[in-house]
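One file, entry-v3.cif, carrying mmCIF, C-alpha atoms and all ligand atoms:
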data_upload
#
loop_
_atom_site.label_atom_id
_atom_site.label_comp_id
_atom_site.auth_asym_id
_atom_site.auth_seq_id
_atom_site.Cartn_x
_atom_site.Cartn_y
_atom_site.Cartn_z
CA MET A 465 63.03 -86.61 -4.25
CA LYS A 466 65.16 -86.20 -7.34
CA THR A 467 66.39 -89.44 -8.96
CA VAL A 468 69.77 -89.45 -10.63
CA TYR A 469 70.10 -92.76 -12.43
CA LEU A 470 73.73 -93.76 -12.93
CA ASP A 471 73.26 -97.52 -13.05
CA ASN A 472 72.89 -98.01 -16.78
CA ASN A 473 75.12 -101.10 -16.88
CA ALA A 474 72.40 -102.80 -14.79
CA THR A 475 69.55 -101.68 -17.00
CA THR A 476 68.59 -98.68 -19.12
CA ARG A 477 65.51 -96.57 -19.57
CA PRO A 478 63.51 -97.85 -22.55
CA ALA A 479 63.65 -95.12 -25.20
CA PRO A 480 60.29 -93.39 -25.84
CA GLU A 481 60.70 -94.16 -29.57
CA VAL A 482 61.06 -97.86 -28.68
CA ILE A 483 57.91 -97.91 -26.54
CA GLU A 484 55.93 -96.05 -29.20
CA ALA A 485 56.97 -98.55 -31.90
CA MET A 486 56.02 -101.48 -29.65
CA MET A 487 52.51 -100.33 -28.72
CA PRO A 488 50.59 -101.42 -31.85
CA PHE A 489 51.90 -104.93 -31.32
CA PHE A 490 50.03 -105.12 -28.00
CA THR A 491 46.83 -103.45 -29.07
CA GLU A 492 46.14 -104.39 -32.70
CA LEU A 493 48.87 -106.52 -34.22
CA TRP A 494 48.97 -109.22 -31.57
CA GLY A 495 48.91 -112.26 -33.84
CA ASN A 496 51.39 -115.11 -33.95
CA PRO A 497 53.95 -114.62 -36.74
CA SER A 498 53.97 -118.37 -37.44
CA SER A 499 50.21 -118.52 -38.13
CA MET A 500 49.00 -119.44 -41.60
CA HIS A 501 46.27 -116.80 -41.58
CA ALA A 502 46.74 -113.24 -42.68
CA PHE A 503 46.08 -111.78 -39.21
CA GLY A 504 49.11 -113.56 -37.78
CA GLY A 505 51.08 -113.20 -40.95
CA GLN A 506 50.95 -109.40 -40.80
CA VAL A 507 53.34 -109.38 -37.83
CA ALA A 508 55.86 -111.60 -39.61
CA ARG A 509 57.06 -108.68 -41.75
CA PRO A 510 57.76 -106.29 -38.80
CA LEU A 511 59.56 -109.19 -37.09
CA GLU A 512 61.81 -109.63 -40.10
CA ALA A 513 62.30 -105.86 -40.41
CA ALA A 514 63.56 -105.83 -36.81
CA ARG A 515 65.92 -108.69 -37.67
CA GLU A 516 67.29 -106.60 -40.52
CA GLU A 517 67.82 -103.59 -38.19
CA VAL A 518 69.74 -105.75 -35.71
CA ALA A 519 71.79 -107.35 -38.50
CA ASP A 520 72.66 -103.90 -39.80
CA PHE A 521 73.66 -102.71 -36.32
CA LEU A 522 76.02 -105.66 -35.81
CA GLY A 523 77.40 -105.71 -39.35
CA ALA A 524 75.94 -109.19 -39.94
CA GLU A 525 75.99 -110.28 -43.56
CA HIS A 526 72.61 -112.06 -43.42
CA PRO A 527 69.56 -111.18 -41.27
CA GLU A 528 69.01 -114.89 -40.62
CA GLU A 529 72.22 -114.84 -38.55
CA ILE A 530 70.19 -113.01 -35.88
CA VAL A 531 68.44 -115.28 -33.35
CA PHE A 532 66.04 -113.50 -31.00
CA ASN A 533 65.78 -114.78 -27.45
CA GLY A 534 64.70 -113.72 -23.96
CA CYS A 535 67.85 -112.22 -22.41
CA ALA A 536 71.62 -112.14 -22.51
CA THR A 537 71.85 -114.97 -19.99
CA GLU A 538 69.99 -117.13 -22.48
CA GLY A 539 72.22 -115.99 -25.36
CA ASP A 540 75.37 -116.84 -23.39
CA ASN A 541 73.94 -120.23 -22.32
CA HIS A 542 72.93 -120.97 -25.90
CA ALA A 543 76.42 -120.15 -27.21
CA LEU A 544 78.25 -122.26 -24.63
CA PHE A 545 75.97 -125.28 -24.31
CA GLY A 546 74.95 -125.18 -27.97
CA VAL A 547 78.51 -125.35 -29.30
CA ALA A 548 79.58 -128.01 -26.77
CA ALA A 549 76.50 -130.09 -27.66
CA ALA A 550 77.41 -129.92 -31.35
CA TRP A 551 80.89 -131.33 -30.60
CA GLY A 552 79.39 -134.51 -29.19
CA LYS A 553 82.68 -135.17 -27.35
CA PRO A 554 84.77 -133.40 -24.70
CA GLY A 555 86.42 -130.16 -25.77
CA THR A 556 88.01 -127.04 -24.31
CA ILE A 557 86.38 -123.76 -23.42
CA ILE A 558 88.74 -120.79 -23.11
CA THR A 559 87.21 -117.88 -21.25
CA SER A 560 88.31 -115.08 -18.92
CA ARG A 561 88.29 -114.84 -15.17
CA VAL A 562 86.20 -111.65 -15.28
CA GLU A 563 83.22 -112.83 -17.34
CA HIS A 564 79.65 -112.30 -16.20
CA PRO A 565 78.11 -115.24 -14.28
CA ALA A 566 76.00 -115.89 -17.41
CA VAL A 567 79.23 -117.25 -18.94
CA LEU A 568 81.08 -118.46 -15.84
CA GLY A 569 78.05 -120.45 -14.61
CA PRO A 570 77.69 -122.48 -17.82
CA CYS A 571 81.49 -122.98 -17.85
CA LEU A 572 81.28 -124.53 -14.41
CA ARG A 573 78.54 -126.88 -15.61
CA LEU A 574 80.48 -127.75 -18.77
CA ARG A 575 83.47 -128.67 -16.62
CA GLU A 576 81.22 -131.00 -14.59
CA MET A 577 80.12 -132.51 -17.90
CA GLY A 578 83.72 -133.45 -18.73
CA HIS A 579 84.93 -130.46 -20.75
CA THR A 580 88.14 -128.58 -19.96
CA VAL A 581 87.72 -124.94 -18.98
CA VAL A 582 90.65 -122.52 -19.06
CA GLU A 583 90.18 -119.09 -17.45
CA ILE A 584 92.52 -116.38 -18.70
CA GLY A 585 93.47 -113.73 -16.15
CA VAL A 586 93.75 -109.96 -16.34
CA ASP A 587 96.38 -107.48 -15.16
CA GLY A 588 96.00 -104.74 -12.55
CA GLU A 589 94.16 -102.57 -15.07
CA GLY A 590 91.75 -105.35 -15.97
CA LEU A 591 93.39 -105.92 -19.36
CA PHE A 592 93.27 -109.38 -20.95
CA ASP A 593 96.39 -111.57 -20.70
CA MET A 594 97.03 -112.13 -24.39
CA ALA A 595 100.15 -114.28 -23.85
CA ALA A 596 98.26 -116.69 -21.60
CA TYR A 597 95.48 -116.82 -24.20
CA GLU A 598 97.83 -117.69 -27.04
CA ALA A 599 99.44 -120.36 -24.85
CA ALA A 600 96.01 -121.84 -24.04
CA LEU A 601 95.04 -121.96 -27.72
CA ALA A 602 98.26 -123.80 -28.50
CA ALA A 603 98.05 -126.17 -25.53
CA HIS A 604 94.65 -127.67 -26.26
CA PRO A 605 94.12 -129.77 -29.37
CA GLY A 606 90.61 -130.95 -30.18
CA PRO A 607 87.41 -128.88 -30.33
CA LYS A 608 87.71 -125.44 -28.78
CA LEU A 609 85.30 -122.65 -27.91
CA VAL A 610 86.56 -119.20 -26.96
CA SER A 611 84.11 -117.11 -24.93
CA VAL A 612 85.53 -113.73 -23.99
CA MET A 613 83.55 -110.57 -23.28
CA TRP A 614 83.86 -107.44 -25.39
CA ALA A 615 83.54 -105.01 -22.45
CA ASN A 616 83.43 -105.71 -18.74
CA ASN A 617 80.21 -104.88 -16.92
CA GLU A 618 81.90 -103.72 -13.71
CA THR A 619 84.86 -101.70 -14.96
CA GLY A 620 83.90 -101.01 -18.58
CA VAL A 621 87.34 -102.29 -19.64
CA LEU A 622 87.45 -103.31 -23.31
CA PHE A 623 89.12 -106.50 -24.48
CA PRO A 624 90.81 -106.62 -27.93
CA ILE A 625 88.05 -108.77 -29.41
CA ARG A 626 89.18 -108.46 -33.00
CA ARG A 627 92.63 -109.88 -32.16
CA ILE A 628 91.16 -112.46 -29.78
CA ALA A 629 88.79 -113.64 -32.53
CA GLU A 630 91.49 -113.70 -35.21
CA LEU A 631 93.80 -115.80 -33.03
CA GLY A 632 90.96 -118.07 -31.98
CA LYS A 633 89.84 -118.65 -35.55
CA ALA A 634 93.44 -119.30 -36.67
CA ALA A 635 93.66 -121.99 -33.96
CA GLY A 636 90.44 -123.62 -35.21
CA ALA A 637 88.24 -122.45 -32.32
CA THR A 638 84.65 -121.30 -32.46
CA VAL A 639 84.62 -117.78 -31.01
CA HIS A 640 81.86 -116.25 -28.89
CA THR A 641 81.79 -112.82 -27.31
CA ASP A 642 79.41 -111.42 -24.73
CA ALA A 643 78.99 -107.92 -26.15
CA VAL A 644 76.22 -106.90 -23.75
CA GLN A 645 78.17 -103.98 -22.29
CA ALA A 646 79.76 -102.92 -25.56
CA ALA A 647 76.61 -102.70 -27.70
CA GLY A 648 75.60 -99.10 -28.25
CA LYS A 649 78.74 -97.80 -26.49
CA VAL A 650 81.44 -98.66 -29.02
CA PRO A 651 81.02 -99.73 -32.66
CA ILE A 652 80.40 -103.45 -33.08
CA ASP A 653 81.02 -105.00 -36.45
CA VAL A 654 81.28 -108.74 -36.97
CA ARG A 655 82.91 -108.12 -40.35
CA GLU A 656 85.89 -106.59 -38.54
CA ALA A 657 85.92 -108.75 -35.42
CA PRO A 658 85.45 -112.23 -36.90
CA VAL A 659 83.48 -113.79 -34.02
CA ASP A 660 81.10 -116.66 -34.76
CA LEU A 661 78.69 -115.88 -31.94
CA LEU A 662 77.83 -112.66 -30.16
CA THR A 663 75.39 -111.91 -27.33
CA VAL A 664 73.41 -108.69 -26.88
CA ALA A 665 70.67 -107.72 -24.40
CA GLY A 666 67.87 -105.30 -25.23
CA HIS A 667 67.53 -103.76 -21.80
CA LYS A 668 71.16 -102.61 -21.68
CA MET A 669 70.59 -100.49 -24.77
CA HIS A 670 67.24 -98.77 -24.23
CA ALA A 671 64.95 -101.61 -25.31
CA PRO A 672 62.87 -103.33 -22.60
CA LYS A 673 63.86 -106.32 -20.47
CA GLY A 674 62.82 -109.64 -21.98
CA VAL A 675 64.50 -109.54 -25.36
CA GLY A 676 68.02 -110.45 -26.43
CA VAL A 677 69.94 -111.53 -29.48
CA LEU A 678 72.45 -114.20 -30.29
CA TYR A 679 74.29 -113.51 -33.52
CA VAL A 680 75.21 -116.83 -35.15
CA ARG A 681 77.55 -116.59 -38.12
CA ARG A 682 76.43 -118.74 -41.04
CA GLY A 683 78.03 -122.17 -40.91
CA THR A 684 78.63 -122.16 -37.14
CA ARG A 685 78.04 -125.59 -35.63
CA ILE A 686 75.63 -125.01 -32.75
CA LYS A 687 72.61 -126.85 -31.36
CA PRO A 688 69.53 -125.11 -29.97
CA TYR A 689 69.42 -124.47 -26.25
CA VAL A 690 65.71 -123.75 -25.83
CA ILE A 691 64.28 -126.72 -27.67
CA GLY A 692 60.73 -126.61 -28.98
CA GLY A 693 58.99 -125.35 -32.09
CA HIS A 694 60.56 -124.40 -35.37
CA GLN A 695 60.76 -120.67 -34.57
CA GLU A 696 63.95 -118.77 -35.36
CA ARG A 697 64.75 -121.36 -38.04
CA GLY A 698 64.78 -124.13 -35.47
CA ARG A 699 67.48 -122.47 -33.38
CA ARG A 700 65.26 -121.20 -30.53
CA GLY A 701 61.88 -122.68 -29.78
CA GLY A 702 59.09 -120.49 -28.40
CA THR A 703 56.68 -118.01 -29.98
CA GLU A 704 58.57 -114.84 -30.81
CA ASN A 705 58.01 -111.89 -28.47
CA VAL A 706 57.06 -109.64 -31.36
CA PRO A 707 56.49 -106.32 -29.51
CA TYR A 708 59.84 -106.57 -27.74
CA ILE A 709 61.64 -107.68 -30.89
CA VAL A 710 60.19 -104.67 -32.73
CA GLY A 711 61.47 -102.53 -29.82
CA MET A 712 64.90 -104.15 -30.12
CA GLY A 713 65.04 -103.23 -33.81
CA VAL A 714 64.30 -99.58 -33.02
CA ALA A 715 66.82 -99.60 -30.13
CA CYS A 716 69.50 -100.84 -32.54
CA ARG A 717 68.66 -98.11 -35.04
CA LEU A 718 68.86 -95.45 -32.31
CA ALA A 719 72.11 -96.91 -30.94
CA LYS A 720 73.68 -96.86 -34.38
CA ALA A 721 72.75 -93.19 -34.78
CA ALA A 722 74.05 -92.36 -31.29
CA LEU A 723 77.45 -93.79 -32.18
CA THR A 724 77.91 -91.22 -34.91
CA ASP A 725 76.04 -88.15 -33.66
CA GLY A 726 78.46 -87.28 -30.86
CA SER A 727 76.36 -88.80 -28.04
CA GLU A 728 79.15 -91.11 -26.94
CA LEU A 729 81.65 -88.23 -26.83
CA ARG A 730 79.22 -86.27 -24.66
CA ILE A 731 78.76 -89.25 -22.34
CA ALA A 732 82.54 -89.75 -22.11
CA ARG A 733 82.98 -86.06 -21.26
CA LEU A 734 80.41 -86.30 -18.45
CA ARG A 735 81.98 -89.53 -17.15
CA ASP A 736 85.42 -87.88 -17.19
CA LYS A 737 84.04 -84.87 -15.36
CA LEU A 738 82.58 -87.16 -12.69
CA GLU A 739 85.84 -89.08 -12.44
CA ALA A 740 88.03 -85.98 -12.15
CA GLY A 741 85.65 -84.38 -9.66
CA LEU A 742 85.49 -87.41 -7.38
CA LEU A 743 89.24 -87.98 -7.44
CA ALA A 744 89.78 -84.32 -6.58
CA THR A 745 87.24 -84.12 -3.75
CA CYS A 746 87.42 -87.58 -2.15
CA PRO A 747 90.87 -88.28 -0.72
CA ASP A 748 92.16 -91.87 -1.01
CA SER A 749 90.05 -92.71 -4.03
CA ARG A 750 91.22 -94.58 -7.13
CA VAL A 751 89.83 -95.66 -10.47
CA ASN A 752 89.59 -99.42 -11.04
CA GLY A 753 90.38 -100.56 -14.55
CA SER A 754 92.13 -99.06 -17.53
CA ARG A 755 91.23 -95.44 -18.21
CA THR A 756 92.18 -95.70 -21.87
CA HIS A 757 90.67 -99.05 -22.89
CA ARG A 758 87.21 -98.46 -21.51
CA VAL A 759 83.66 -97.90 -22.75
CA PRO A 760 82.70 -94.22 -22.53
CA ASN A 761 79.89 -94.57 -19.98
CA THR A 762 81.49 -96.47 -17.08
CA LEU A 763 83.45 -95.32 -14.04
CA ASN A 764 84.47 -97.81 -11.35
CA VAL A 765 85.96 -95.98 -8.41
CA SER A 766 87.13 -97.18 -5.00
CA PHE A 767 86.91 -95.10 -1.89
CA GLU A 768 89.53 -96.69 0.33
CA TYR A 769 88.82 -97.83 3.90
CA ILE A 770 85.03 -97.82 3.53
CA GLU A 771 82.36 -100.24 2.36
CA GLY A 772 80.93 -99.59 -1.09
CA GLU A 773 77.55 -100.85 0.10
CA SER A 774 77.22 -98.20 2.81
CA VAL A 775 78.18 -95.49 0.33
CA LEU A 776 75.48 -96.83 -2.01
CA TYR A 777 72.81 -96.71 0.70
CA HIS A 778 73.67 -93.13 1.55
CA LEU A 779 73.79 -92.11 -2.10
CA SER A 780 70.41 -93.79 -2.55
CA ASP A 781 69.04 -91.68 0.33
CA ARG A 782 69.96 -88.67 -1.79
CA GLY A 783 68.28 -90.15 -4.89
CA ILE A 784 71.51 -91.27 -6.56
CA CYS A 785 71.41 -94.76 -8.12
CA ALA A 786 74.79 -96.42 -8.57
CA SER A 787 76.05 -99.92 -8.03
CA SER A 788 78.70 -101.74 -6.10
CA GLY A 789 81.52 -103.83 -7.46
CA SER A 790 80.86 -106.30 -4.65
CA ALA A 791 78.24 -108.99 -4.40
CA CYS A 792 76.60 -109.73 -1.09
CA ALA A 793 77.25 -113.44 -0.57
CA ALA A 794 75.70 -115.39 2.32
CA GLY A 795 75.88 -112.57 4.83
CA SER A 796 79.51 -111.72 4.12
CA LEU A 797 80.44 -108.85 1.86
CA GLU A 798 82.57 -110.61 -0.72
CA PRO A 799 84.49 -108.45 -3.17
CA SER A 800 83.53 -109.13 -6.78
CA HIS A 801 85.49 -111.68 -8.79
CA VAL A 802 86.37 -108.92 -11.26
CA ILE A 803 87.91 -106.63 -8.65
CA ARG A 804 89.73 -109.60 -7.08
CA ALA A 805 91.07 -110.81 -10.45
CA MET A 806 92.61 -107.35 -10.94
CA GLY A 807 94.46 -107.57 -7.64
CA VAL A 808 92.95 -104.32 -6.33
CA PRO A 809 94.60 -103.52 -2.94
CA PHE A 810 92.79 -104.80 0.14
CA THR A 811 92.00 -101.29 1.39
CA ALA A 812 90.13 -100.49 -1.83
CA VAL A 813 88.53 -103.81 -2.66
CA HIS A 814 85.41 -103.29 -0.56
CA GLY A 815 84.88 -99.66 -1.44
CA SER A 816 84.33 -99.96 -5.16
CA ILE A 817 81.37 -98.19 -6.74
CA ARG A 818 80.24 -98.31 -10.35
CA PHE A 819 78.69 -95.24 -11.95
CA SER A 820 77.32 -95.93 -15.43
CA LEU A 821 75.86 -93.18 -17.59
CA SER A 822 73.58 -93.16 -20.63
CA ARG A 823 72.58 -90.76 -23.35
CA TYR A 824 69.86 -89.49 -21.00
CA THR A 825 72.41 -88.43 -18.34
CA THR A 826 72.65 -84.66 -17.95
CA GLU A 827 75.45 -82.40 -16.75
CA GLU A 828 73.22 -81.18 -13.96
CA GLU A 829 72.94 -84.76 -12.69
CA ILE A 830 76.71 -85.15 -12.67
CA ASP A 831 77.00 -81.87 -10.72
CA TYR A 832 74.43 -83.19 -8.24
CA VAL A 833 76.54 -86.34 -7.64
CA LEU A 834 79.69 -84.26 -7.34
CA HIS A 835 77.93 -82.17 -4.72
CA HIS A 836 76.66 -85.11 -2.62
CA CYS A 837 79.15 -87.95 -3.02
CA PRO A 838 82.12 -86.29 -1.28
CA GLU A 839 79.99 -85.56 1.82
CA VAL A 840 78.79 -89.20 1.90
CA VAL A 841 82.36 -90.47 1.63
CA ALA A 842 83.50 -88.09 4.37
CA GLU A 843 80.65 -89.23 6.66
CA MET A 844 81.50 -92.90 6.08
CA ARG A 845 85.18 -92.28 6.66
CA ALA A 846 84.39 -90.58 9.96
CA LEU A 847 82.77 -93.86 11.07
CA SER A 848 85.36 -96.23 9.56
CA PRO A 849 87.43 -98.31 12.00
CA PHE A 850 90.20 -98.48 9.37
CA VAL A 851 90.83 -94.73 9.25
CA LYS A 852 92.96 -93.00 11.88
CA HIS A 853 90.80 -90.32 13.46
CA GLY A 854 92.24 -87.02 14.72
N1 LIG B 1 76.55 -110.36 -19.69
C1 LIG B 1 76.94 -109.17 -19.22
C2 LIG B 1 78.29 -108.65 -19.57
C3 LIG B 1 76.09 -108.44 -18.40
O1 LIG B 1 76.47 -107.26 -17.93
C4 LIG B 1 74.82 -108.97 -18.09
C5 LIG B 1 73.92 -108.25 -17.17
O2 LIG B 1 74.35 -107.48 -16.34
C6 LIG B 1 74.47 -110.22 -18.60
C7 LIG B 1 75.36 -110.89 -19.42
C8 LIG B 1 73.14 -110.86 -18.30
O3 LIG B 1 72.11 -110.08 -18.77
P1 LIG B 1 70.57 -110.46 -18.44
O4 LIG B 1 70.45 -110.37 -16.95
O5 LIG B 1 69.79 -109.46 -19.15
O6 LIG B 1 70.33 -111.85 -18.91
#
Would you kindly transcribe this structure into C-alpha cells?
Ligand code: PLP
Amino acid sequence: MKTVYLDNNATTRPAPEVIEAMMPFFTELWGNPSSMHAFGGQVARPLEAAREEVADFLGAEHPEEIVFNGCATEGDNHALFGVAAAWGKPGTIITSRVEHPAVLGPCLRLREMGHTVVEIGVDGEGLFDMAAYEAALAAHPGPKLVSVMWANNETGVLFPIRRIAELGKAAGATVHTDAVQAAGKVPIDVREAPVDLLTVAGHKMHAPKGVGVLYVRRGTRIKPYVIGGHQERGRRGGTENVPYIVGMGVACRLAKAALTDGSELRIARLRDKLEAGLLATCPDSRVNGSRTHRVPNTLNVSFEYIEGESVLYHLSDRGICASSGSACAAGSLEPSHVIRAMGVPFTAVHGSIRFSLSRYTTEEEIDYVLHHCPEVVAEMRALSPFVKHG
C-alpha cells in the first residue's frame, strides 16, 4: 500500500545526504574524539565542523555556544534544571500553558522543588498572551527564567520570540526557547531574537533520532544536567555521538538552504491546498490555531462531532500518516492541553487532526489525502451519535 507521510512534526525522514555523510563515522572513523591518539583525534575535526554548521544555522556568534546532546527533551531539561541549579535559591519560571511536556514536566518538578511557576495562557487562535507575560515579569522579583516555545508542535502557531526575549532580558530574566518545531521551517537567528538558550532536535529536521542541540549564549549561568566527563566543555557529560552530530551538521546546512530556495513556500502552498480542500469537502470542519502566525508545514483541523482517533485509524488503513491533537490518557480520550488552552468548542475538541508536511511531500500525496479524507470523515459522521441522521 502507498504511504503518505504527513506526520513530520512527530519525526522526519533522515535526508539521504545526512545518512551518506554519517556512514564513514560508523565504518572507518569510529574513534573517540577525546582520545589522545591520532585515530581518535581525526574525528574531533568533523565534530567541530558540525558545531560550526549548527552555529551558522542558528546565527550563534561562537561555535562553542553549541552543546550537542541526545534529544530535545534533554535540551529542555538541561535549560530548565541547569538554570535553576545555578541560582542556588528559589526563583520563578515563566512559561506557557501550551508547551511540550519536555518543558511542562520539568516545570512541575521545579515547582515541587520550591520554585514558582507561572503559565501564560493563549487566546482562541493559540496566540501568546503578551499582557499576562509582561505582568508576570513585573510581578516576580528575584531570579527568573522564561521558557516559551518558538512554534507549537500541535498547531504550528508561532510565538513572537524576539519580543518575548527582549522583554524577558529587560526584566533581568534568562530566556530559553524550545525551537524544535521552528527549526528549518522559519528563519532562526539568535542575533535577532536575543534568547540565552535554545533547544533543537535533529530528527525534526531530517537528521536521525538521537541527536539534539542546546544553544547556550556565552555568559549564561547554567549548570550541566547530564553530569559526567569533560565533554562539550564540561556542559554535557558522555562521549559525543559523532556520526549523528555529523548528520546534524549536514541537516542544518540543508535546512538553511531550504529556507532560501523556495522550499518553504512550496510546502506552505501544499499545506494551504490541503486546508482549503478539506474545509471545502468536509462540512463542519475548522482550522485550530492562527492561520497567519503559523509555520508553513502544519495544519491542525477539527472535524466536529467525531473522534480524531477513529479518523486517524481509517486514514492509516489508506496509508495516510497523520496525528491527533489528543492524547490517550488512562483509557479516556482526553483532549490535548494545547487544544483545551485555546478554548476550542466541545464539539470540535475531540476531532482534531494534525497534518504536518516536509520538503519531501508531493502534490500527488496531497491530492491522495484530499481524495480519501472526506470519505473517511463522512463514514465516521454516519456512525456518530452526536450527528442528527436523516
Ligand atoms: N519540544 C517540542 C516542541 C516537540 O515537538 C518535541 C517532540 O515532539 C519535543 C520537545 C521533544 O522531542 P524529543 O522527543 O525528540 O526529545
Could you list, as an MDAnalysis selection string, every residue within 8 Å of region 640-653 of chain A, counting only C-alpha atoms and ignoring same-chain residues fewer than 6 positions away?
chainID A and resid 473 521:524 536 540 543 609:617 620 625 659:665 668:669 716 719:720 722:723 728 759:761
Selection: 12 Å around Cys837 (chain A), all atoms listed in the file, excl. self and same-chain fewer than 5 positions, as a count of residues only
35
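Taking all atoms listed in the file into account, ligand LIG 1 (chain B) lies nearest to A:Asn472 out of the set A:Leu763, A:Leu493, A:Asn472, A:Gly636.
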When you look at region 552-565 of chain A with a cut-off of 6 Å (counting all atoms listed in the file), what residues show up, excluding the ones that are within fewer than 5 positions of it in the same chain? I need them as an MDAnalysis selection string.
chainID A and resid 579:585 607:612 802
From the list A:Glu512, A:Glu576, A:Glu768, A:Glu618, which residue is nearest Glu704 (chain A) when using only C-alpha atoms?
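So, comparing all the options, the nearest one is A:Glu512.
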Taking all atoms listed in the file into account, name the residue in A:Ala812, A:Leu678, A:Ile731, A:Val518 that is nearest to ligand LIG 1 (chain B).
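For ligand LIG 1 (chain B), the nearest of the given residues is A:Leu678.
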My list of candidates is A:Ser498, A:Gln695, A:Ser727, A:Thr762. Which is closest to ligand LIG 1 (chain B) when distances are computed with all atoms listed in the file?
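The closest residue to ligand LIG 1 (chain B) is A:Thr762.
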Distance criterion (only C-alpha atoms): nearest to Phe489 (chain A) out of A:Thr476, A:Ser848, A:Asn705, A:Thr638
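Using only C-alpha atoms, the shortest distance to Phe489 (chain A) belongs to A:Asn705.
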Counting only C-alpha atoms, what is within 6 Å of Glu516 (chain A), bar same-chain residues fewer than 3 positions away, as a list in words?
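Residues near the query, excluding close chain neighbours: Ala513, Ala519 and Pro527 of chain A.
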Shortest interatomic distance to ligand LIG 1 (chain B) - which of A:Pro624, A:Gly683, A:Gly505, A:Pro672, counting all atoms listed in the file
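Among the listed residues, A:Pro672 lies closest to ligand LIG 1 (chain B).
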Residues at most 9 Å from Glu696 (chain A), counting all atoms listed in the file, excluding those fewer than 2 positions away in the same chain, as a list of chain:residue names?
A:Glu528, A:Ile530, A:Val531, A:Phe532, A:Gly693, A:His694, A:Gly698, A:Arg699, A:Arg700, A:Gly701, A:Gly702, A:Glu704
Taking (77.5, -114.4, -42.4) in the file's coordinates, which residues come within 7 Å, counting only C-alpha atoms, written as a PyMOL selection string?
chain A and resi 524-526+529+681-682
Would you work out the distance separating CA of Gly632 (chain A) from atom P1 of ligand LIG 1 (chain B), expressed in Å to one decimal?
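We find that CA of Gly632 (chain A) and atom P1 of ligand LIG 1 (chain B) lie 25.6 Å from each other.
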Region 538-551 of chain A, all listed atoms, 8 Å padding on each side: what axis-aligned box centre and edge lengths in Å to one decimal come out, as JSON?
{"center_x": 75.4, "center_y": -123.7, "center_z": -26.8, "size_x": 26.9, "size_y": 31.3, "size_z": 25.0}
Which value, in Å to one decimal, gives the distance between CA of Pro799 (chain A) and CA of Glu839 (chain A)?
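Between CA of Pro799 (chain A) and CA of Glu839 (chain A) the gap works out to 23.9 Å.
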Please indicate the distance in Å from CA of Val851 (chain A) to CA of Val808 (chain A), rounded to one decimal place.
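The value is 18.4 Å.
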Taking N, CA and C atoms as the atom set, what does region 587-601 of chain A look like once completed, written as a PDB file, keeping the file's coordinate frame?
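Listed below is the output, selection-v2.pdb:
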ATOM      1  N   ASP A 587      95.367-108.170 -15.961  1.00  0.00           N
ATOM      2  CA  ASP A 587      96.380-107.480 -15.160  1.00  0.00           C
ATOM      3  C   ASP A 587      95.715-106.486 -14.205  1.00  0.00           C
ATOM      4  N   GLY A 588      96.517-105.678 -13.548  1.00  0.00           N
ATOM      5  CA  GLY A 588      96.000-104.740 -12.550  1.00  0.00           C
ATOM      6  C   GLY A 588      95.028-103.728 -13.123  1.00  0.00           C
ATOM      7  N   GLU A 589      95.091-103.510 -14.426  1.00  0.00           N
ATOM      8  CA  GLU A 589      94.160-102.570 -15.070  1.00  0.00           C
ATOM      9  C   GLU A 589      92.958-103.285 -15.659  1.00  0.00           C
ATOM     10  N   GLY A 590      92.886-104.587 -15.435  1.00  0.00           N
ATOM     11  CA  GLY A 590      91.750-105.350 -15.970  1.00  0.00           C
ATOM     12  C   GLY A 590      91.926-105.747 -17.413  1.00  0.00           C
ATOM     13  N   LEU A 591      93.156-105.609 -17.945  1.00  0.00           N
ATOM     14  CA  LEU A 591      93.390-105.920 -19.360  1.00  0.00           C
ATOM     15  C   LEU A 591      93.694-107.409 -19.553  1.00  0.00           C
ATOM     16  N   PHE A 592      93.207-107.942 -20.632  1.00  0.00           N
ATOM     17  CA  PHE A 592      93.270-109.380 -20.950  1.00  0.00           C
ATOM     18  C   PHE A 592      94.713-109.841 -21.138  1.00  0.00           C
ATOM     19  N   ASP A 593      95.035-111.002 -20.590  1.00  0.00           N
ATOM     20  CA  ASP A 593      96.390-111.570 -20.700  1.00  0.00           C
ATOM     21  C   ASP A 593      96.514-112.322 -22.031  1.00  0.00           C
ATOM     22  N   MET A 594      96.968-111.589 -23.030  1.00  0.00           N
ATOM     23  CA  MET A 594      97.030-112.130 -24.390  1.00  0.00           C
ATOM     24  C   MET A 594      98.016-113.304 -24.485  1.00  0.00           C
ATOM     25  N   ALA A 595      99.133-113.217 -23.762  1.00  0.00           N
ATOM     26  CA  ALA A 595     100.150-114.280 -23.850  1.00  0.00           C
ATOM     27  C   ALA A 595      99.570-115.582 -23.295  1.00  0.00           C
ATOM     28  N   ALA A 596      98.856-115.484 -22.180  1.00  0.00           N
ATOM     29  CA  ALA A 596      98.260-116.690 -21.600  1.00  0.00           C
ATOM     30  C   ALA A 596      97.207-117.262 -22.549  1.00  0.00           C
ATOM     31  N   TYR A 597      96.502-116.379 -23.232  1.00  0.00           N
ATOM     32  CA  TYR A 597      95.480-116.820 -24.200  1.00  0.00           C
ATOM     33  C   TYR A 597      96.111-117.581 -25.355  1.00  0.00           C
ATOM     34  N   GLU A 598      97.167-117.021 -25.911  1.00  0.00           N
ATOM     35  CA  GLU A 598      97.830-117.690 -27.040  1.00  0.00           C
ATOM     36  C   GLU A 598      98.373-119.042 -26.596  1.00  0.00           C
ATOM     37  N   ALA A 599      98.906-119.089 -25.369  1.00  0.00           N
ATOM     38  CA  ALA A 599      99.440-120.360 -24.850  1.00  0.00           C
ATOM     39  C   ALA A 599      98.300-121.369 -24.694  1.00  0.00           C
ATOM     40  N   ALA A 600      97.148-120.928 -24.227  1.00  0.00           N
ATOM     41  CA  ALA A 600      96.010-121.840 -24.040  1.00  0.00           C
ATOM     42  C   ALA A 600      95.511-122.368 -25.373  1.00  0.00           C
ATOM     43  N   LEU A 601      95.476-121.501 -26.383  1.00  0.00           N
ATOM     44  CA  LEU A 601      95.040-121.960 -27.720  1.00  0.00           C
ATOM     45  C   LEU A 601      95.968-123.039 -28.241  1.00  0.00           C
TER      46      LEU A 601
END
